[in-house]
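Data first, discussion second: the structure below is written as structure tokens.
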Amino acid sequence: MEHDDSKGALKEYVPSSGLAVSIDDPVQNPGLPPHRERLTDVDPKAAKRAERTIYTLFYISVAASIWAVAAYMLFPIEDQELTSIRQNNLFIGLGIAFALLAIGIGAIHWSKTLMSDKEHVEERHTTRGSEETREAVVEAFRTANEESGFGRRKMIRNSLFAAVIASVLPGITLFRGLAPHDGENSPVDLLKQTMWKEGEHLTRDPSGTRIKASDVTLGSAFHVIPESLAKMGHDEGMLNEKAKAMVLMVRMSPEQLTEREERKDWSYDGIVAYSKVCTHVGCPVALYEQQTHHLLCPCHQSQFDVSDEAKVVFGPASRPLPQLPITVDAEGYLIAQSDFHEPVGPSFWEIR
Amino acid sequence: MSTATEEKKAPLGGRFVGATANYLDERTSLSGFVKALGRKVFPDHWSFMLGEIALWSFVVVLISGTFLTFFFQASMVETYYTGAYDPMRGIPMSVAMESTLHISFDLRGGLLVRQLHHWAALTFVAGIGVHMLRVFFTGAFRKPRELNWVVGFVLFVLAMAEGFTGYSLPDDVLSGNGLRIIDGMLKAVPVIGPWISYLLFGGEFPGHDIVGRLYALHILILPLIVIALIAIHLVLMIVNKHTQFAGPGRTNSNVVGFPMMPVYMSKMGGFFFIVFGALVLIASLVQINPIWGYGPYDPSPVSAGTQPDWYIGFADGALRLAPPHLDWVIAGKVYPMGILIPLIVLVVFIILVAIYPFIEAWITGDKREHHIAQRPRNAATRTAIGAAGVWFYAMLWAAASSDLIATHFRLTMEGVIHALQIGLILGTVVVYFITKRVCIALQKKDREIVLHGYESGRIVRLPGGEFQEVHKPVDEYERWKLVADETFEPLIVRPNDQGKIKGKFRAAMSRWFFEDRLQPLTNAEYQAALEHQEHALHEFGDDDHGHGAIESGDSKH
């Protein structure tokens, strides 16, 4: 490249080497080692052998493909036969697998044994465009700027920016429709209420049969849902309600329970009911350890002590599980006294 | 692609191929493209294949995924399964779950393709992961490849997003619990948390919309971006040309290797079939995600020992390692720090991964292009940082299986969590220092082998009674690989004209990086050492091979 250095603009670009230490007298690169011939290069018999191996592999592939098609027909899925599903999967799969593997191994064997293994040397060029090209690009922008007045006519430019930015807003607004417009219930209100109400029967999950207090034996644990939930269909939002209303109920001897004065009547004869939604990120706290009275969340191992108001004893959860105040009706079936007194599930901004 | 070489008399590959090539070229200028790429040279090293694993498993994901879309129905409407698998008959479930069961049990080869899709997806993310490690530890992200590192990084994140959205589609118990965890994490976001969750799920969790929405992301938007970024990634690789390892004849300004046609076409094409075949083999032999064992999603049941797919493990593990009671209440509003701290740690961690090339470039101030992949030991601090990062990730990842570790090794759950918490913080520091010392020790070992030769195992008794082991010089070409070409030294800051000292922070960072280093070998030292080796060998009567032509039995390096 020839340039006039006095102009400065077209000076040869020399990147800075920063903190690199260059020594005047580096060790010299010995250059490419002599090419070593392979067995297939010098021995025609070996080359012939390699050729045979390769085309054999390719023919094996053809056979395996045909086998896979045959297996599709030979191993149909018979009604109620688990073995037939397994065989269908296995025999079609093996056919396809070997068909593909044989092509791959054959092609690579070909490239390694028979194709030339002489190393080629190619020069690299700096990634940066040549000074002429870069100058031409700058010139193109400069001309375009002059011809349009993009930089000069500031009002036009800035109003265009404003218009383009503003034009995105309606599109974003439309996405409000992702969730229903429910005038009365904001998401926060919804999070703070469940189906439980005064007199709602505690029933078994999922059958929905009522539970007599006398059936709850010492040390047993019940998975509980509200009675009216059991009657709901999926399309009525059953899972949404269940995700909040599910409860785990256990019985221990009343003297084992540590209860605050104001919560004394929330339990019934040693039977306590707590929300089954983990206060960490909402998994079901479904594992009850009878000996220690601990509830364990299988997702992130938060542990709650049921005998002590379901306080967090280990793991990443922060709040105790909310307690459902319970009592019995005239016939001795367990019912709720009210909804939970605090939101169930994971903590959020407006939870208090 | 056909060879577009044209010869008037006898077209290569016959008249039809010749005519076709001519037809295409006259309409597309294809010949220029083929001329540029056809014999383009690519360097050879086994570790350059790791990225290919990711690429080809993505192709398998696309092929198998397209097949699945013909049968999967992303709807959460309630229905009943009536197909061949008896234990699931008559159970109420969503159409999404029902169609997944239909694919698995009623469609011939359906289970195979479903399992292939899942295994290929796991391999895709794993392939990206190991490829990133290779690029990191060899410094292949240095100029001019920083941007391609970022493109690759975004692909890694997108691959995880693809994996997670796909995992959530069958609407079984595990996928529902995964979404429940996402829901809980979203709700923890200050100010807008509950609203984000409300909008995402179209109302309350789980709602009836999420599967359809994730499906649109999973099969349309995310794959589109992934394909576009892979295209950019590969084009940039061609523009920058591939890096190569230091070796005889290889310099920073050349590429030594084999041409695209025929060698790489055959090797890469062949490798596609091997990856594809291996994945089909796994899919036909090893069961994955048996949703029929978990049942349709219901918020209530869950089984012990549930695990996310491997690449989500580090995020899940981070959640598990947070200590209890971290809900901060400030001015009546709740900050669930038990979730926010792990989230912040994860975000900071991956951002550090994304911007590492720029940090290192800023410290070295090096603006030159680098095309030689470094040996990890020769960049001791970087390698130590990388090893510490791998350890950090591994601890989080192990934490996702804390319950299984506890049950398998009969430990307490609490003990495992506490050990991992300590390992996460302390271990990362320890791994950093150990790795750095090991790297520098290995550099010294290399230097010793270059200057004094390798231990031949032959013990000689000298006339004075002294025993000595004969060291033999390593073959000239092998030796070159051990000569580290250059080093960096810490920045020394000096007052400027106004008497102010600037750049103290960068100076400190450069001291951290380059304080401990070996000076590059000069040619004079090198030649003197070689002469000395020759001389010593002569004394032992062992120089019959002559200079430089010693058997290259030393294959350690």
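Convention: chains lettered A, B, ... in structure tokens order; per-chain residue numbering from 1; ligands numbered from 1 as shown.
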
With DSSP run on the backbone, what are the strand (DSSP E) residues within stretch 113-233 of chain A? I'd like them as a PyMOL selection string. chain A and resi 120-123+202-204+221-226

Would you mind exporting all heavy atoms of the selected residues as a CSV table (one decimal), in the first residue's frame?
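After the write, again_29.csv holds the following:
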```csv
chain,number,residue,atom,x,y,z
A,120,HIS,N,-2.2,-28.1,4.2
A,120,HIS,CA,-2.1,-26.9,3.4
A,120,HIS,C,-1.9,-25.7,4.3
A,120,HIS,O,-2.3,-25.6,5.4
A,120,HIS,CB,-3.4,-26.7,2.6
A,120,HIS,CG,-3.7,-27.8,1.6
A,120,HIS,ND1,-3.8,-27.5,0.3
A,120,HIS,CD2,-3.8,-29.1,1.8
A,120,HIS,CE1,-4.0,-28.6,-0.3
A,120,HIS,NE2,-4.0,-29.6,0.5
A,121,VAL,N,-1.2,-24.7,3.7
A,121,VAL,CA,-1.0,-23.4,4.5
A,121,VAL,C,-1.7,-22.3,3.8
A,121,VAL,O,-1.6,-22.1,2.6
A,121,VAL,CB,0.5,-23.1,4.6
A,121,VAL,CG1,0.8,-21.8,5.4
A,121,VAL,CG2,1.3,-24.3,5.2
A,122,GLU,N,-2.5,-21.6,4.5
A,122,GLU,CA,-3.2,-20.4,3.9
A,122,GLU,C,-2.8,-19.2,4.8
A,122,GLU,O,-2.7,-19.3,6.0
A,122,GLU,CB,-4.7,-20.7,4.0
A,122,GLU,CG,-5.6,-20.0,3.0
A,122,GLU,CD,-7.0,-20.5,3.1
A,122,GLU,OE1,-7.7,-19.9,3.9
A,122,GLU,OE2,-7.4,-21.4,2.4
A,123,GLU,N,-2.6,-18.1,4.1
A,123,GLU,CA,-2.3,-16.9,4.8
A,123,GLU,C,-3.5,-16.2,5.4
A,123,GLU,O,-4.6,-16.4,4.9
A,123,GLU,CB,-1.6,-15.8,3.9
A,123,GLU,CG,-0.2,-16.2,3.5
A,123,GLU,CD,0.7,-16.5,4.6
A,123,GLU,OE1,0.8,-15.7,5.5
A,123,GLU,OE2,1.3,-17.7,4.7
A,202,LEU,N,-63.3,-30.2,55.3
A,202,LEU,CA,-62.0,-30.7,54.9
A,202,LEU,C,-62.2,-32.1,54.3
A,202,LEU,O,-62.9,-32.9,54.9
A,202,LEU,CB,-61.0,-30.8,56.0
A,202,LEU,CG,-60.3,-29.5,56.5
A,202,LEU,CD1,-61.2,-28.6,57.2
A,202,LEU,CD2,-59.1,-29.9,57.4
A,203,THR,N,-61.8,-32.3,53.0
A,203,THR,CA,-62.0,-33.6,52.4
A,203,THR,C,-60.7,-34.1,51.8
A,203,THR,O,-59.7,-33.4,51.7
A,203,THR,CB,-63.0,-33.5,51.2
A,203,THR,OG1,-62.4,-32.6,50.2
A,203,THR,CG2,-64.3,-32.9,51.7
A,204,ARG,N,-60.7,-35.4,51.6
A,204,ARG,CA,-59.5,-36.1,51.1
A,204,ARG,C,-59.2,-35.7,49.7
A,204,ARG,O,-60.1,-35.5,48.9
A,204,ARG,CB,-59.7,-37.6,51.2
A,204,ARG,CG,-59.7,-38.1,52.6
A,204,ARG,CD,-59.9,-39.7,52.6
A,204,ARG,NE,-59.9,-40.2,53.9
A,204,ARG,CZ,-61.0,-40.2,54.7
A,204,ARG,NH1,-62.1,-39.8,54.2
A,204,ARG,NH2,-60.9,-40.7,55.9
A,221,ALA,N,-51.0,-38.5,58.5
A,221,ALA,CA,-51.0,-37.2,57.7
A,221,ALA,C,-52.0,-37.3,56.6
A,221,ALA,O,-52.1,-38.4,55.9
A,221,ALA,CB,-49.6,-36.9,57.1
A,222,PHE,N,-52.8,-36.3,56.4
A,222,PHE,CA,-53.8,-36.3,55.3
A,222,PHE,C,-53.6,-35.2,54.3
A,222,PHE,O,-53.2,-34.1,54.7
A,222,PHE,CB,-55.2,-36.1,56.0
A,222,PHE,CG,-55.8,-37.3,56.6
A,222,PHE,CD1,-55.3,-37.8,57.7
A,222,PHE,CD2,-56.9,-37.9,56.0
A,222,PHE,CE1,-55.9,-38.9,58.3
A,222,PHE,CE2,-57.5,-39.0,56.6
A,222,PHE,CZ,-57.0,-39.6,57.7
A,223,HIS,N,-53.7,-35.5,53.0
A,223,HIS,CA,-53.7,-34.5,52.0
A,223,HIS,C,-55.1,-34.0,51.8
A,223,HIS,O,-56.0,-34.8,51.5
A,223,HIS,CB,-53.1,-35.0,50.7
A,223,HIS,CG,-51.7,-35.5,50.9
A,223,HIS,ND1,-50.6,-34.6,50.6
A,223,HIS,CD2,-51.1,-36.6,51.3
A,223,HIS,CE1,-49.5,-35.3,50.9
A,223,HIS,NE2,-49.8,-36.5,51.3
A,224,VAL,N,-55.3,-32.7,52.0
A,224,VAL,CA,-56.7,-32.2,52.1
A,224,VAL,C,-57.0,-31.1,51.1
A,224,VAL,O,-56.1,-30.3,50.8
A,224,VAL,CB,-56.9,-31.7,53.6
A,224,VAL,CG1,-58.2,-30.9,53.7
A,224,VAL,CG2,-56.8,-32.8,54.6
A,225,ILE,N,-58.2,-31.2,50.6
A,225,ILE,CA,-58.7,-30.1,49.8
A,225,ILE,C,-60.1,-29.6,50.3
A,225,ILE,O,-60.8,-30.4,50.9
A,225,ILE,CB,-58.8,-30.5,48.3
A,225,ILE,CG1,-59.6,-31.8,48.1
A,225,ILE,CG2,-57.5,-30.5,47.6
A,225,ILE,CD1,-59.9,-32.2,46.7
A,226,PRO,N,-60.6,-28.4,49.9
A,226,PRO,CA,-61.9,-28.0,50.3
A,226,PRO,C,-63.0,-28.9,49.6
A,226,PRO,O,-62.7,-29.3,48.4
A,226,PRO,CB,-62.0,-26.6,49.9
A,226,PRO,CG,-60.7,-26.2,49.4
A,226,PRO,CD,-59.9,-27.4,49.2
```

Could you name the residues that touch stretch 129-139 of chain B at 7 Å or less, counting only C-alpha atoms, but leaving out those on the same chain fewer than 5 positions away, as a list of chain:residue names? B:Ser47, B:Leu50, B:Gly51, B:Ala373, B:Gln374, B:Arg375, B:Pro376, B:Thr383, B:Gly386

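Atom CA of B:Gly203 is found 10.3 Å from atom CA of A:Gly177.
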
Considering only C-alpha atoms, tabulate each residue of chain A that lies at most 6 Å from chain B along with its nearest interatomic pair and the corresponding distance in Å to one decimal; arrange the rows by chain and ascending residue number and present them as CSV.
```
residue,atom,partner,partner_atom,distance
A:Pro15,CA,B:Lys367,CA,5.2
A:Ser16,CA,B:Lys367,CA,5.2
A:Ser17,CA,B:Asp366,CA,4.5
A:Gly18,CA,B:Gly365,CA,4.1
A:Leu19,CA,B:Phe488,CA,5.2
A:Ala20,CA,B:Phe488,CA,4.2
A:Val21,CA,B:Phe488,CA,5.3
A:Asp25,CA,B:Thr522,CA,5.3
A:Pro26,CA,B:Thr522,CA,4.9
A:Val27,CA,B:Asn523,CA,4.2
A:Pro30,CA,B:Pro248,CA,5.7
A:Gly31,CA,B:Gly249,CA,3.8
A:Leu32,CA,B:Gly249,CA,4.1
A:Asp79,CA,B:Ala84,CA,4.8
A:Gln80,CA,B:Ala84,CA,5.1
A:Asn89,CA,B:Leu112,CA,5.4
A:Leu90,CA,B:Ser284,CA,4.9
A:Gly93,CA,B:Ser284,CA,4.8
A:Ala97,CA,B:Gly277,CA,4.3
A:Leu100,CA,B:Gly277,CA,4.7
A:Leu101,CA,B:Gly277,CA,4.7
A:Gly104,CA,B:Gly270,CA,3.8
A:Ala107,CA,B:Gly270,CA,5.0
A:Ile108,CA,B:Lys267,CA,5.1
A:Ser111,CA,B:Val263,CA,5.6
A:Glu119,CA,B:Gly257,CA,5.0
A:His120,CA,B:Gly257,CA,5.4
A:Val121,CA,B:Val256,CA,4.5
A:Glu122,CA,B:Val255,CA,5.1
A:Glu123,CA,B:Asn254,CA,4.3
A:Arg124,CA,B:Asn254,CA,5.0
A:Leu178,CA,B:Leu199,CA,5.2
A:Ala179,CA,B:Gly202,CA,4.0
A:Asn240,CA,B:Phe205,CA,5.7
A:Ala243,CA,B:Pro299,CA,5.2
A:Val281,CA,B:Gly184,CA,4.0
A:Gly282,CA,B:Gly184,CA,5.9
A:Pro284,CA,B:Ser300,CA,5.7
A:Pro298,CA,B:Ala304,CA,5.3
A:His300,CA,B:Arg320,CA,4.9
A:Gly315,CA,B:Pro324,CA,5.4
A:Pro316,CA,B:Pro324,CA,4.4
A:Ala317,CA,B:Pro324,CA,5.4
A:Ser318,CA,B:His325,CA,3.9
A:Pro346,CA,B:Gly184,CA,5.6
A:Phe348,CA,B:Ala188,CA,5.0
A:Trp349,CA,B:Val334,CA,4.7
A:Glu350,CA,B:Lys333,CA,5.8
```

Residue subset to file, keeping C-alpha atoms, as a tab-separated table (two decimals), in the first residue's frame:
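New file part_22.tsv:
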```
chain	number	residue	atom	x	y	z
A	15	PRO	CA	-2.38	-2.20	16.74
A	16	SER	CA	-1.02	-1.63	20.21
A	17	SER	CA	0.44	-4.64	21.90
A	18	GLY	CA	-0.54	-3.32	25.33
A	19	LEU	CA	1.33	-4.93	28.18
A	20	ALA	CA	2.81	-7.68	26.01
A	21	VAL	CA	6.55	-8.14	26.35
A	25	ASP	CA	15.58	-12.55	19.98
A	26	PRO	CA	12.66	-15.02	20.03
A	27	VAL	CA	13.08	-18.71	19.41
A	30	PRO	CA	11.17	-24.70	12.95
A	31	GLY	CA	8.60	-24.74	10.12
A	32	LEU	CA	6.34	-27.56	8.99
A	79	ASP	CA	-53.29	-52.58	22.33
A	80	GLN	CA	-52.37	-52.80	26.03
A	89	ASN	CA	-38.96	-48.29	19.94
A	90	LEU	CA	-35.93	-50.56	20.17
A	93	GLY	CA	-34.23	-47.16	16.77
A	97	ALA	CA	-28.89	-45.71	14.64
A	100	LEU	CA	-26.51	-43.37	10.46
A	101	LEU	CA	-23.45	-44.51	12.41
A	104	GLY	CA	-20.56	-41.47	9.60
A	107	ALA	CA	-17.05	-41.17	5.70
A	108	ILE	CA	-14.54	-40.40	8.42
A	111	SER	CA	-11.15	-39.04	4.93
A	119	GLU	CA	-1.28	-30.08	5.22
A	120	HIS	CA	-2.09	-26.87	3.39
A	121	VAL	CA	-0.97	-23.44	4.46
A	122	GLU	CA	-3.20	-20.43	3.94
A	123	GLU	CA	-2.28	-16.85	4.84
A	124	ARG	CA	-4.49	-14.86	7.14
A	178	LEU	CA	-52.09	-11.56	28.20
A	179	ALA	CA	-54.06	-11.64	31.44
A	240	ASN	CA	-55.82	-22.57	40.05
A	243	ALA	CA	-52.73	-24.54	43.80
A	281	VAL	CA	-41.34	-20.92	45.54
A	282	GLY	CA	-44.61	-22.81	45.84
A	284	PRO	CA	-46.17	-28.86	47.45
A	298	PRO	CA	-38.93	-32.01	47.91
A	300	HIS	CA	-35.54	-27.16	47.59
A	315	GLY	CA	-33.71	-24.48	53.92
A	316	PRO	CA	-34.31	-21.38	51.84
A	317	ALA	CA	-37.93	-20.67	52.86
A	318	SER	CA	-38.55	-17.60	54.96
A	346	PRO	CA	-44.18	-17.68	47.87
A	348	PHE	CA	-44.09	-11.22	47.05
A	349	TRP	CA	-43.87	-7.45	47.15
A	350	GLU	CA	-47.29	-6.60	48.59
```

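Closest approach to B:Gly295 among B:Gln443, B:Thr412, B:Thr165, B:Thr100: B:Thr100, based on only C-alpha atoms.
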
Excluding stretch 156-158 of chain B and any residue of its chain fewer than 6 positions from it, enumerate the residues within 9 Å of it, using only C-alpha atoms, and give them as a PyMOL selection string. chain B and resi 125+128-129+132+222-223+225-226

Run DSSP on the backbone of this structure and report the residues of stretch 323-461 of chain B it assigns to helix (DSSP H, G or I), as JSON, numbers by chain. {"B": [337, 338, 339, 340, 341, 342, 343, 344, 345, 346, 347, 348, 349, 350, 351, 352, 353, 354, 355, 356, 357, 358, 359, 360, 361, 362, 363, 364, 376, 377, 378, 380, 381, 382, 383, 384, 385, 386, 387, 388, 389, 390, 391, 392, 393, 394, 395, 396, 397, 398, 399, 402, 403, 404, 405, 406, 407, 408, 413, 414, 415, 416, 417, 418, 419, 420, 421, 422, 423, 424, 425, 426, 427, 428, 429, 430, 431, 432, 433, 434, 435, 436, 437, 438, 439, 440, 441, 442, 443, 444, 445, 446, 447, 448, 449, 450, 451, 452]}

Have a look at B:Asp475, B:Glu162, B:Asp446, B:Asp516 and name the one nearest to B:Tyr311; count only C-alpha atoms. B:Glu162

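Pairwise distance (atom CA of A:Thr113, atom CA of A:Asp41) equals 8.2 Å.
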
Env of A:Met73: 12 Å cut, atoms = only C-alpha atoms, seq-sep filter 2 positions within chain, self excluded. Answer as a short mmCIF file (atom, residue, chain, number, x, y, z; two decimals) with all heavy atoms, in the first residue's frame.
```cif
data_model
loop_
_atom_site.label_atom_id
_atom_site.label_comp_id
_atom_site.auth_asym_id
_atom_site.auth_seq_id
_atom_site.Cartn_x
_atom_site.Cartn_y
_atom_site.Cartn_z
N ILE A 66 -33.06 -50.39 5.64
CA ILE A 66 -34.14 -51.29 5.22
C ILE A 66 -34.72 -52.01 6.43
O ILE A 66 -35.93 -52.15 6.58
CB ILE A 66 -33.62 -52.29 4.16
CG1 ILE A 66 -33.27 -51.52 2.88
CG2 ILE A 66 -34.65 -53.37 3.88
CD1 ILE A 66 -32.52 -52.33 1.86
N TRP A 67 -33.83 -52.42 7.33
CA TRP A 67 -34.28 -53.08 8.55
C TRP A 67 -35.21 -52.17 9.35
O TRP A 67 -36.25 -52.61 9.85
CB TRP A 67 -33.09 -53.50 9.42
CG TRP A 67 -33.50 -53.77 10.84
CD1 TRP A 67 -33.23 -53.02 11.93
CD2 TRP A 67 -34.30 -54.87 11.30
NE1 TRP A 67 -33.80 -53.56 13.05
CE2 TRP A 67 -34.47 -54.71 12.69
CE3 TRP A 67 -34.89 -55.98 10.67
CZ2 TRP A 67 -35.20 -55.60 13.47
CZ3 TRP A 67 -35.62 -56.87 11.45
CH2 TRP A 67 -35.77 -56.68 12.82
N ALA A 68 -34.87 -50.86 9.46
CA ALA A 68 -35.68 -49.94 10.25
C ALA A 68 -37.09 -49.83 9.66
O ALA A 68 -38.07 -49.83 10.39
CB ALA A 68 -35.02 -48.56 10.31
N VAL A 69 -37.16 -49.79 8.31
CA VAL A 69 -38.48 -49.73 7.67
C VAL A 69 -39.25 -51.02 7.94
O VAL A 69 -40.45 -51.00 8.27
CB VAL A 69 -38.33 -49.49 6.15
CG1 VAL A 69 -39.69 -49.54 5.47
CG2 VAL A 69 -37.65 -48.15 5.89
N ALA A 70 -38.53 -52.14 7.84
CA ALA A 70 -39.19 -53.43 8.09
C ALA A 70 -39.67 -53.50 9.53
O ALA A 70 -40.78 -53.99 9.81
CB ALA A 70 -38.21 -54.57 7.80
N ALA A 71 -38.85 -52.99 10.47
CA ALA A 71 -39.22 -53.04 11.89
C ALA A 71 -40.47 -52.23 12.15
O ALA A 71 -41.30 -52.60 12.98
CB ALA A 71 -38.06 -52.51 12.75
N PHE A 75 -43.11 -54.67 13.93
CA PHE A 75 -43.36 -54.50 15.37
C PHE A 75 -44.41 -53.42 15.61
O PHE A 75 -44.09 -52.34 16.09
CB PHE A 75 -42.06 -54.16 16.10
CG PHE A 75 -41.03 -55.23 15.98
CD1 PHE A 75 -40.05 -55.17 15.00
CD2 PHE A 75 -41.04 -56.32 16.84
CE1 PHE A 75 -39.10 -56.16 14.87
CE2 PHE A 75 -40.10 -57.31 16.71
CZ PHE A 75 -39.12 -57.24 15.73
N PRO A 76 -45.67 -53.71 15.26
CA PRO A 76 -46.71 -52.71 15.52
C PRO A 76 -46.97 -52.60 17.01
O PRO A 76 -46.55 -53.45 17.79
CB PRO A 76 -47.93 -53.29 14.79
CG PRO A 76 -47.69 -54.76 14.82
CD PRO A 76 -46.21 -54.97 14.74
N ILE A 77 -47.65 -51.52 17.40
CA ILE A 77 -48.00 -51.35 18.81
C ILE A 77 -49.35 -52.00 19.04
O ILE A 77 -50.37 -51.57 18.53
CB ILE A 77 -48.01 -49.86 19.17
CG1 ILE A 77 -46.60 -49.30 19.06
CG2 ILE A 77 -48.56 -49.67 20.57
CD1 ILE A 77 -46.50 -47.82 19.28
N SER A 84 -44.82 -54.43 23.30
CA SER A 84 -44.85 -54.06 21.88
C SER A 84 -44.33 -52.63 21.69
O SER A 84 -43.66 -52.34 20.71
CB SER A 84 -46.26 -54.19 21.32
OG SER A 84 -47.10 -53.21 21.88
N GLN A 87 -40.55 -52.87 22.01
CA GLN A 87 -39.91 -53.48 20.83
C GLN A 87 -39.95 -52.54 19.64
O GLN A 87 -38.98 -52.42 18.91
CB GLN A 87 -40.60 -54.80 20.49
CG GLN A 87 -40.22 -55.89 21.47
CD GLN A 87 -40.87 -57.20 21.13
OE1 GLN A 87 -41.84 -57.25 20.38
NE2 GLN A 87 -40.35 -58.28 21.70
N ASN A 88 -41.08 -51.87 19.48
CA ASN A 88 -41.20 -50.91 18.38
C ASN A 88 -40.11 -49.86 18.48
O ASN A 88 -39.40 -49.56 17.53
CB ASN A 88 -42.60 -50.28 18.45
CG ASN A 88 -42.84 -49.27 17.34
OD1 ASN A 88 -42.50 -48.11 17.49
ND2 ASN A 88 -43.41 -49.72 16.24
N PHE A 91 -36.38 -51.64 18.04
CA PHE A 91 -35.93 -52.18 16.75
C PHE A 91 -35.90 -51.13 15.65
O PHE A 91 -35.00 -51.15 14.81
CB PHE A 91 -36.78 -53.39 16.36
CG PHE A 91 -36.51 -54.57 17.26
CD1 PHE A 91 -37.53 -55.17 17.99
CD2 PHE A 91 -35.22 -55.06 17.41
CE1 PHE A 91 -37.26 -56.23 18.83
CE2 PHE A 91 -34.95 -56.12 18.25
CZ PHE A 91 -35.97 -56.72 18.97
N ILE A 92 -36.86 -50.20 15.67
CA ILE A 92 -36.76 -49.10 14.70
C ILE A 92 -35.52 -48.28 15.02
O ILE A 92 -34.73 -47.93 14.15
CB ILE A 92 -38.02 -48.20 14.76
CG1 ILE A 92 -39.26 -48.98 14.35
CG2 ILE A 92 -37.84 -47.00 13.82
CD1 ILE A 92 -40.54 -48.17 14.41
N ARG B 108 -46.28 -45.31 16.05
CA ARG B 108 -45.07 -46.14 15.87
C ARG B 108 -43.85 -45.25 15.71
O ARG B 108 -43.86 -44.33 14.89
CB ARG B 108 -45.23 -47.01 14.63
CG ARG B 108 -46.25 -48.10 14.79
CD ARG B 108 -46.23 -49.03 13.61
NE ARG B 108 -47.54 -49.69 13.49
CZ ARG B 108 -47.81 -50.61 12.57
NH1 ARG B 108 -46.88 -50.98 11.70
NH2 ARG B 108 -48.99 -51.16 12.52
N GLY B 109 -42.84 -45.53 16.47
CA GLY B 109 -41.63 -44.72 16.41
C GLY B 109 -41.77 -43.37 17.11
O GLY B 109 -40.82 -42.60 17.17
#
```

Would you pick out the contacts of A:Ile326 at 6 Å or less, using only C-alpha atoms, so that residues sharing its chain but fewer than 2 positions from it are not included, and give the list as a PDB file with all heavy atoms, in the first residue's frame?
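Listed below is the output, result-v3.pdb:
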```pdb
ATOM      1  N   TRP A 266     -57.253 -22.909  66.942  1.00  0.00           N
ATOM      2  CA  TRP A 266     -57.141 -23.185  65.513  1.00  0.00           C
ATOM      3  C   TRP A 266     -56.940 -24.674  65.250  1.00  0.00           C
ATOM      4  O   TRP A 266     -57.143 -25.146  64.157  1.00  0.00           O
ATOM      5  CB  TRP A 266     -55.960 -22.412  64.895  1.00  0.00           C
ATOM      6  CG  TRP A 266     -56.236 -20.959  64.723  1.00  0.00           C
ATOM      7  CD1 TRP A 266     -57.263 -20.243  65.260  1.00  0.00           C
ATOM      8  CD2 TRP A 266     -55.467 -20.041  63.946  1.00  0.00           C
ATOM      9  NE1 TRP A 266     -57.191 -18.944  64.889  1.00  0.00           N
ATOM     10  CE2 TRP A 266     -56.089 -18.769  64.069  1.00  0.00           C
ATOM     11  CE3 TRP A 266     -54.312 -20.144  63.170  1.00  0.00           C
ATOM     12  CZ2 TRP A 266     -55.601 -17.631  63.440  1.00  0.00           C
ATOM     13  CZ3 TRP A 266     -53.820 -19.016  62.545  1.00  0.00           C
ATOM     14  CH2 TRP A 266     -54.457 -17.760  62.674  1.00  0.00           C
ATOM     15  N   SER A 267     -56.514 -25.392  66.263  1.00  0.00           N
ATOM     16  CA  SER A 267     -56.326 -26.832  66.095  1.00  0.00           C
ATOM     17  C   SER A 267     -57.489 -27.545  66.783  1.00  0.00           C
ATOM     18  O   SER A 267     -58.229 -26.953  67.571  1.00  0.00           O
ATOM     19  CB  SER A 267     -55.001 -27.257  66.721  1.00  0.00           C
ATOM     20  OG  SER A 267     -55.001 -26.983  68.105  1.00  0.00           O
ATOM     21  N   ILE A 335     -64.142 -29.200  59.739  1.00  0.00           N
ATOM     22  CA  ILE A 335     -64.470 -28.062  58.879  1.00  0.00           C
ATOM     23  C   ILE A 335     -63.489 -26.917  59.163  1.00  0.00           C
ATOM     24  O   ILE A 335     -62.818 -26.900  60.195  1.00  0.00           O
ATOM     25  CB  ILE A 335     -65.916 -27.553  59.116  1.00  0.00           C
ATOM     26  CG1 ILE A 335     -66.130 -27.300  60.618  1.00  0.00           C
ATOM     27  CG2 ILE A 335     -66.944 -28.512  58.584  1.00  0.00           C
ATOM     28  CD1 ILE A 335     -67.397 -26.542  60.929  1.00  0.00           C
ATOM     29  N   ALA A 336     -63.460 -25.979  58.212  1.00  0.00           N
ATOM     30  CA  ALA A 336     -62.609 -24.803  58.411  1.00  0.00           C
ATOM     31  C   ALA A 336     -63.378 -23.749  59.187  1.00  0.00           C
ATOM     32  O   ALA A 336     -64.598 -23.626  59.045  1.00  0.00           O
ATOM     33  CB  ALA A 336     -62.193 -24.235  57.055  1.00  0.00           C
ATOM     34  N   GLN A 337     -62.646 -22.998  60.014  1.00  0.00           N
ATOM     35  CA  GLN A 337     -63.281 -21.892  60.730  1.00  0.00           C
ATOM     36  C   GLN A 337     -63.357 -20.650  59.861  1.00  0.00           C
ATOM     37  O   GLN A 337     -64.238 -19.808  60.024  1.00  0.00           O
ATOM     38  CB  GLN A 337     -62.477 -21.540  61.980  1.00  0.00           C
ATOM     39  CG  GLN A 337     -62.486 -22.582  63.063  1.00  0.00           C
ATOM     40  CD  GLN A 337     -61.687 -22.101  64.257  1.00  0.00           C
ATOM     41  OE1 GLN A 337     -61.621 -20.907  64.518  1.00  0.00           O
ATOM     42  NE2 GLN A 337     -61.093 -23.024  64.980  1.00  0.00           N
TER      43      GLN A 337
END
```
